[in-house]
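K.L.:
I'd like to ask some things about the structure below.
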Amino acid sequence: MSIETKIQEALAEINRGSAEIIDDKAIEKLVRDFYENGNNYFVKAGFDPTAPDLHLGHTVLLQKLATFQKYGGIVQFLVGDFTATIGDPTGKSATRKVLTREEIEQNISSYTTQAFKILDKSKTEVVYNNDWLGKLSASDMINLTSFLTVARMLERDDFSKRFKANIPISTSEFTYPLLQGYDSVYLKSDIEIGGTDQKFNLLMGRTLQKSYGVGKQQAVLMMPILEGLDGVNKMSKSLNNYIGVTDAPNDMFGKILSISDELMWRYYELLSDKSLESIKGLKDGVADKSLHPKKIKDMLAMEIVDRFHGNGKGGEARDEFAKIFAQKKIPTDLDEYQLEYNMGIIDALVYCKLVPTNSQARRDIKAGAVKIDQEKVTDEKMRLSRGEFVLQKGKKNFVKIIVK
RNA sequence: GGUGGGUUACUCAAGUGGCCAACGAGGGCGGAUUGUAAAUCCGCUGACUACGUCUUCGAAGGUUCGAAUCCUUCACCCACCA
């Protein structure tokens, strides 16, 4: 294969799934330089160490970084610890808790362990922006702010919308894009990638690199925001519509299967390793009814479970799933709880964490959602007899109880 | 700093002295149906020692037999003016 073909292939892979690329010529140049002269380049991406758990939304970005690593990119895995220690003032989350140094350390280590399931560790530099931002003096800060006008700041969609809608904008929020841009100055990044919602901040890196005379301006690649399980909001932990990379295989499988058919294609595009052509083939198959959508969703779920839990785990999860839902059997691995003989059913439900409160337990019993060994419980005053049972709430929640 | 408006449950949003644990919508949970999809239909959605009791309507006091509703102070937010 000629170098030219390789370069074109690399560029196609880099481009895949991206929402927008600014200065694709620059990217081409970097990749070309890698293939022709073996020179590497820096790809920066920022991560917020406040939430220690990665979900699939984060992996969209990580996968893109991994792609760059294949084609000569050295990843600058930027940990935004400076921001985390002073707290993010964004709009309504103004009271967000400020993390201690230890908490941040802990989050970061759990974060990077997860990230290295996707990233090549040997081509990744983990950097902390507190190392340089923490040293900026007041005059450095003022110098930094002098490069941008308020009018420019208000160009940011988020800001202008809030400004028009009379939603408060704290002055300190203006400094965030500046600091993020300054990171690119300090790191001399060649490319920065982020979500589309980050566009303004990503571009700030270009602007400031020019202002500070870095000698280059980073290219910017934006990935679309992955929708969560509801298909509407972005995937996030706080909305509880996420699939965590550490979710158990069965949970992961189940969650993916519960997404809508429409969203499934989105996930294929952004998360699957399948080529674009084969995805198109699947789509056509569903359109002409030669393929059942459920089947396609199974495949996606298996692929993702395999990625995070190891080959073969996806298939196991599928079989387990079929057992539970198609054949209405009980799952194999259940949490076990030891209970006292004669305990009331309501207490048992709360104790096993199937419901948060007694009131909720009563409601669920009334609604016919509670079952013991597949047998519907109708009397909320019922007491447990001795033995081993499977206690169930709704379709998805099972525990094993051992009554002594 | 001045003037005016606002703060109700997960969110939006009714309620201006008793009929208020608080209308409605969204969300969530559960049931039927299904492919744990979509769509549709139905029920539930403060807590508890549960035909009763307790705690909620920004916070603290007060008036009243009785307050989310009236009064006082405080906090926060918004608009206009400076």
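Identifiers in this document derive from the order of the structure tokens: chains are assigned A, B, ..., residues are numbered from 1 separately in each chain, and ligands are numbered from 1 in order of occurrence.
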Listing only residues of range 165-253 of chain A within 10 Å of range 58-75 of chain A, what is the closest atom pair and its distance in Å (to one decimal) for each, using only C-alpha atoms, sorted by chain and residue number ascending, as a Markdown table?
P.N.:
| residue | atom | partner | partner_atom | distance |
| --- | --- | --- | --- | --- |
| A:Ser189 | CA | A:Val75 | CA | 9.4 |
| A:Asp190 | CA | A:Gly73 | CA | 9.3 |
| A:Ile191 | CA | A:Gly73 | CA | 9.1 |
| A:Glu192 | CA | A:Val75 | CA | 9.5 |
| A:Ile193 | CA | A:Leu61 | CA | 7.5 |
| A:Gly194 | CA | A:Leu61 | CA | 6.8 |
| A:Gly195 | CA | A:Leu61 | CA | 7.7 |
| A:Leu221 | CA | A:Lys64 | CA | 9.5 |
| A:Met222 | CA | A:Leu61 | CA | 8.8 |
| A:Met223 | CA | A:Leu61 | CA | 6.8 |
| A:Pro224 | CA | A:Val60 | CA | 8.5 |
| A:Ile225 | CA | A:Val60 | CA | 8.4 |
| A:Leu226 | CA | A:Val60 | CA | 7.6 |
| A:Met235 | CA | A:His58 | CA | 8.9 |
| A:Ser236 | CA | A:His58 | CA | 9.4 |
| A:Gly244 | CA | A:His58 | CA | 9.5 |
| A:Val245 | CA | A:Thr59 | CA | 8.5 |
K.L.:
Write the residues of the selection above to a file with all heavy atoms, as a tab-separated table (two decimals), in the first residue's frame.
P.N.:
chain	number	residue	atom	x	y	z
A	189	SER	N	-0.22	22.47	21.85
A	189	SER	CA	-0.96	21.39	21.21
A	189	SER	C	-1.11	21.65	19.71
A	189	SER	O	-1.21	22.79	19.27
A	189	SER	CB	-2.34	21.27	21.83
A	189	SER	OG	-2.24	21.26	23.23
A	190	ASP	N	-1.15	20.55	18.93
A	190	ASP	CA	-1.36	20.66	17.49
A	190	ASP	C	-2.83	20.48	17.14
A	190	ASP	O	-3.31	21.02	16.15
A	190	ASP	CB	-0.53	19.61	16.76
A	190	ASP	CG	0.96	19.84	16.95
A	190	ASP	OD1	1.46	20.83	16.40
A	190	ASP	OD2	1.60	19.05	17.69
A	191	ILE	N	-3.47	19.67	17.93
A	191	ILE	CA	-4.88	19.40	17.69
A	191	ILE	C	-5.55	19.34	19.06
A	191	ILE	O	-4.96	18.86	20.02
A	191	ILE	CB	-5.09	18.03	17.00
A	191	ILE	CG1	-4.35	17.99	15.66
A	191	ILE	CG2	-6.57	17.73	16.80
A	191	ILE	CD1	-4.36	16.62	14.99
A	192	GLU	N	-6.78	19.85	19.14
A	192	GLU	CA	-7.53	19.62	20.37
A	192	GLU	C	-8.85	19.01	19.99
A	192	GLU	O	-9.49	19.44	19.02
A	192	GLU	CB	-7.76	20.91	21.16
A	192	GLU	CG	-8.63	20.67	22.40
A	192	GLU	CD	-8.56	21.75	23.47
A	192	GLU	OE1	-7.97	22.82	23.21
A	192	GLU	OE2	-9.11	21.51	24.56
A	193	ILE	N	-9.28	18.02	20.74
A	193	ILE	CA	-10.59	17.48	20.43
A	193	ILE	C	-11.50	17.61	21.64
A	193	ILE	O	-11.06	17.72	22.79
A	193	ILE	CB	-10.54	16.01	19.94
A	193	ILE	CG1	-10.33	15.03	21.07
A	193	ILE	CG2	-9.46	15.83	18.88
A	193	ILE	CD1	-10.42	13.61	20.57
A	194	GLY	N	-12.78	17.70	21.36
A	194	GLY	CA	-13.76	17.88	22.42
A	194	GLY	C	-15.15	17.73	21.84
A	194	GLY	O	-15.31	17.44	20.65
A	195	GLY	N	-16.14	17.93	22.68
A	195	GLY	CA	-17.53	17.83	22.22
A	195	GLY	C	-17.94	19.10	21.48
A	195	GLY	O	-17.28	20.13	21.60
A	221	LEU	N	-11.05	19.33	16.44
A	221	LEU	CA	-11.98	18.30	15.97
A	221	LEU	C	-13.04	18.10	17.03
A	221	LEU	O	-12.74	17.87	18.19
A	221	LEU	CB	-11.22	16.99	15.72
A	221	LEU	CG	-12.03	15.86	15.07
A	221	LEU	CD1	-11.12	14.99	14.21
A	221	LEU	CD2	-12.74	14.99	16.08
A	222	MET	N	-14.28	18.26	16.59
A	222	MET	CA	-15.37	18.13	17.56
A	222	MET	C	-16.17	16.87	17.32
A	222	MET	O	-16.53	16.55	16.19
A	222	MET	CB	-16.30	19.34	17.45
A	222	MET	CG	-15.75	20.55	18.15
A	222	MET	SD	-16.54	22.04	17.55
A	222	MET	CE	-15.54	22.39	16.14
A	223	MET	N	-16.43	16.17	18.39
A	223	MET	CA	-17.26	14.98	18.31
A	223	MET	C	-18.65	15.33	18.78
A	223	MET	O	-18.82	16.17	19.67
A	223	MET	CB	-16.67	13.88	19.18
A	223	MET	CG	-15.34	13.33	18.69
A	223	MET	SD	-15.43	12.70	17.00
A	223	MET	CE	-16.40	11.22	17.22
A	224	PRO	N	-19.65	14.69	18.18
A	224	PRO	CA	-21.02	14.97	18.63
A	224	PRO	C	-21.20	14.47	20.06
A	224	PRO	O	-20.47	13.61	20.53
A	224	PRO	CB	-21.90	14.18	17.67
A	224	PRO	CG	-21.00	13.39	16.81
A	224	PRO	CD	-19.58	13.70	17.12
A	225	ILE	N	-22.18	15.04	20.72
A	225	ILE	CA	-22.50	14.61	22.08
A	225	ILE	C	-23.35	13.35	22.00
A	225	ILE	O	-24.33	13.31	21.26
A	225	ILE	CB	-23.32	15.71	22.79
A	225	ILE	CG1	-22.56	17.03	22.81
A	225	ILE	CG2	-23.71	15.27	24.18
A	225	ILE	CD1	-21.30	17.00	23.59
A	226	LEU	N	-22.98	12.37	22.75
A	226	LEU	CA	-23.75	11.13	22.74
A	226	LEU	C	-24.99	11.28	23.61
A	226	LEU	O	-24.90	11.68	24.77
A	226	LEU	CB	-22.89	9.98	23.26
A	226	LEU	CG	-23.53	8.60	23.18
A	226	LEU	CD1	-23.64	8.15	21.74
A	226	LEU	CD2	-22.76	7.59	23.99
A	235	MET	N	-25.78	12.06	27.50
A	235	MET	CA	-25.53	11.03	28.49
A	235	MET	C	-24.81	11.63	29.69
A	235	MET	O	-23.77	12.28	29.52
A	235	MET	CB	-24.70	9.90	27.89
A	235	MET	CG	-24.50	8.75	28.85
A	235	MET	SD	-23.59	7.35	28.14
A	235	MET	CE	-24.84	6.55	27.16
A	236	SER	N	-25.36	11.46	30.86
A	236	SER	CA	-24.68	11.98	32.03
A	236	SER	C	-25.12	11.22	33.26
A	236	SER	O	-26.22	10.67	33.31
A	236	SER	CB	-24.95	13.47	32.20
A	236	SER	OG	-26.17	13.66	32.86
A	244	GLY	N	-22.26	3.03	32.19
A	244	GLY	CA	-20.91	3.16	32.72
A	244	GLY	C	-20.00	2.10	32.14
A	244	GLY	O	-20.45	0.99	31.88
A	245	VAL	N	-18.72	2.44	31.96
A	245	VAL	CA	-17.82	1.43	31.39
A	245	VAL	C	-17.53	0.33	32.40
A	245	VAL	O	-17.08	-0.75	32.03
A	245	VAL	CB	-16.50	2.03	30.88
A	245	VAL	CG1	-16.76	3.17	29.92
A	245	VAL	CG2	-15.63	2.50	32.02
K.L.:
Please identify the alpha helix (DSSP H) residues within range 38-250 of chain A (assignment by DSSP from backbone atoms) and present them as a ChimeraX atom specification.
P.N.:
/A:56-70,81-86,101-115,130-133,138-145,150-153,157-164,171-187,199-211,249-250
K.L.:
As a list in words, please: every residue in range 138-346 of chain A that a backbone DSSP assignment puts in strand (DSSP E).
P.N.:
Ile191, Glu192, Ile193, Gly194, Gly195, Ala219, Val220, Leu221, Met222, Met223, Glu336, Tyr337, Gln338 and Leu339 of chain A
K.L.:
Using only C-alpha atoms (C1' of nucleotides), find which residues of chain A lie within 6 Å of chain B and jot them down as an NGL selection string.
P.N.:
:A and (258 or 260-261 or 294)
K.L.:
Need to verify the contact set: G62 in chain B, 12 Å, only C-alpha atoms (C1' of nucleotides), exclusion of same-chain residues closer than 5 positions in sequence. Can you return it as a list in words?
P.N.:
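The residues satisfying every condition are A67, C70, C71, U72 and U73 of chain B.
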K.L.:
Convert the current residue selection to file output with N, CA and C atoms (P, O5', C5', C4', C3', O3' and C1' of nucleotides), as a PDB file, in the first residue's frame.
P.N.:
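Contents of selection_32.pdb, as written:
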ATOM      1  P     A B  67     -51.793  27.564  61.358  1.00  0.00           P
ATOM      2  O5'   A B  67     -52.380  28.123  59.985  1.00  0.00           O
ATOM      3  C5'   A B  67     -52.823  27.255  58.950  1.00  0.00           C
ATOM      4  C4'   A B  67     -52.231  27.745  57.645  1.00  0.00           C
ATOM      5  C3'   A B  67     -50.726  27.523  57.600  1.00  0.00           C
ATOM      6  O3'   A B  67     -50.449  26.870  56.397  1.00  0.00           O
ATOM      7  C1'   A B  67     -51.268  29.862  57.364  1.00  0.00           C
ATOM      8  P     C B  70     -50.172  36.482  51.402  1.00  0.00           P
ATOM      9  O5'   C B  70     -50.664  37.081  52.793  1.00  0.00           O
ATOM     10  C5'   C B  70     -51.787  37.949  52.852  1.00  0.00           C
ATOM     11  C4'   C B  70     -51.849  38.585  54.222  1.00  0.00           C
ATOM     12  C3'   C B  70     -50.504  39.091  54.740  1.00  0.00           C
ATOM     13  O3'   C B  70     -50.232  40.392  54.243  1.00  0.00           O
ATOM     14  C1'   C B  70     -51.551  37.811  56.418  1.00  0.00           C
ATOM     15  P     C B  71     -48.711  40.870  54.106  1.00  0.00           P
ATOM     16  O5'   C B  71     -48.289  41.150  55.612  1.00  0.00           O
ATOM     17  C5'   C B  71     -48.843  42.237  56.340  1.00  0.00           C
ATOM     18  C4'   C B  71     -48.163  42.293  57.689  1.00  0.00           C
ATOM     19  C3'   C B  71     -46.650  42.345  57.642  1.00  0.00           C
ATOM     20  O3'   C B  71     -46.196  43.681  57.450  1.00  0.00           O
ATOM     21  C1'   C B  71     -47.317  40.709  59.207  1.00  0.00           C
ATOM     22  P     U B  72     -44.770  43.938  56.756  1.00  0.00           P
ATOM     23  O5'   U B  72     -43.768  43.469  57.899  1.00  0.00           O
ATOM     24  C5'   U B  72     -43.572  44.269  59.063  1.00  0.00           C
ATOM     25  C4'   U B  72     -42.518  43.618  59.930  1.00  0.00           C
ATOM     26  C3'   U B  72     -41.197  43.339  59.224  1.00  0.00           C
ATOM     27  O3'   U B  72     -40.387  44.494  59.175  1.00  0.00           O
ATOM     28  C1'   U B  72     -41.842  41.430  60.467  1.00  0.00           C
ATOM     29  P     U B  73     -39.388  44.728  57.970  1.00  0.00           P
ATOM     30  O5'   U B  73     -38.204  43.752  58.361  1.00  0.00           O
ATOM     31  C5'   U B  73     -37.372  44.041  59.490  1.00  0.00           C
ATOM     32  C4'   U B  73     -36.523  42.843  59.819  1.00  0.00           C
ATOM     33  C3'   U B  73     -35.643  42.336  58.689  1.00  0.00           C
ATOM     34  O3'   U B  73     -34.451  43.079  58.550  1.00  0.00           O
ATOM     35  C1'   U B  73     -36.752  40.507  59.680  1.00  0.00           C
TER      36        U B  73
END
K.L.:
Would you compute the distance between CA of Ala348 in chain A and CA of Ile330 in chain A? Give it in Å to one decimal.
P.N.:
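CA of Ile330 in chain A lies at a distance of 18.8 Å from CA of Ala348 in chain A.
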K.L.:
Which polymer residues have any atom within 12 Å of an atom of Asp33 in chain A, counting only C-alpha atoms (C1' of nucleotides), with same-chain residues fewer than 5 positions away left out, as number ranges by chain?
P.N.:
A: 3-4, 7, 26-28, 38-41, 71-73
K.L.:
Enter the distance from C1' of G4 in chain B to CA of Ser160 in chain A, in Å, rounded to one decimal.
P.N.:
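Between C1' of G4 in chain B and CA of Ser160 in chain A the gap works out to 25.7 Å.
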K.L.:
Quick one: of B:A68, B:C51, B:C12, B:C41, who's nearest to G27 in chain B, counting only C-alpha atoms (C1' of nucleotides)?
P.N.:
B:C12
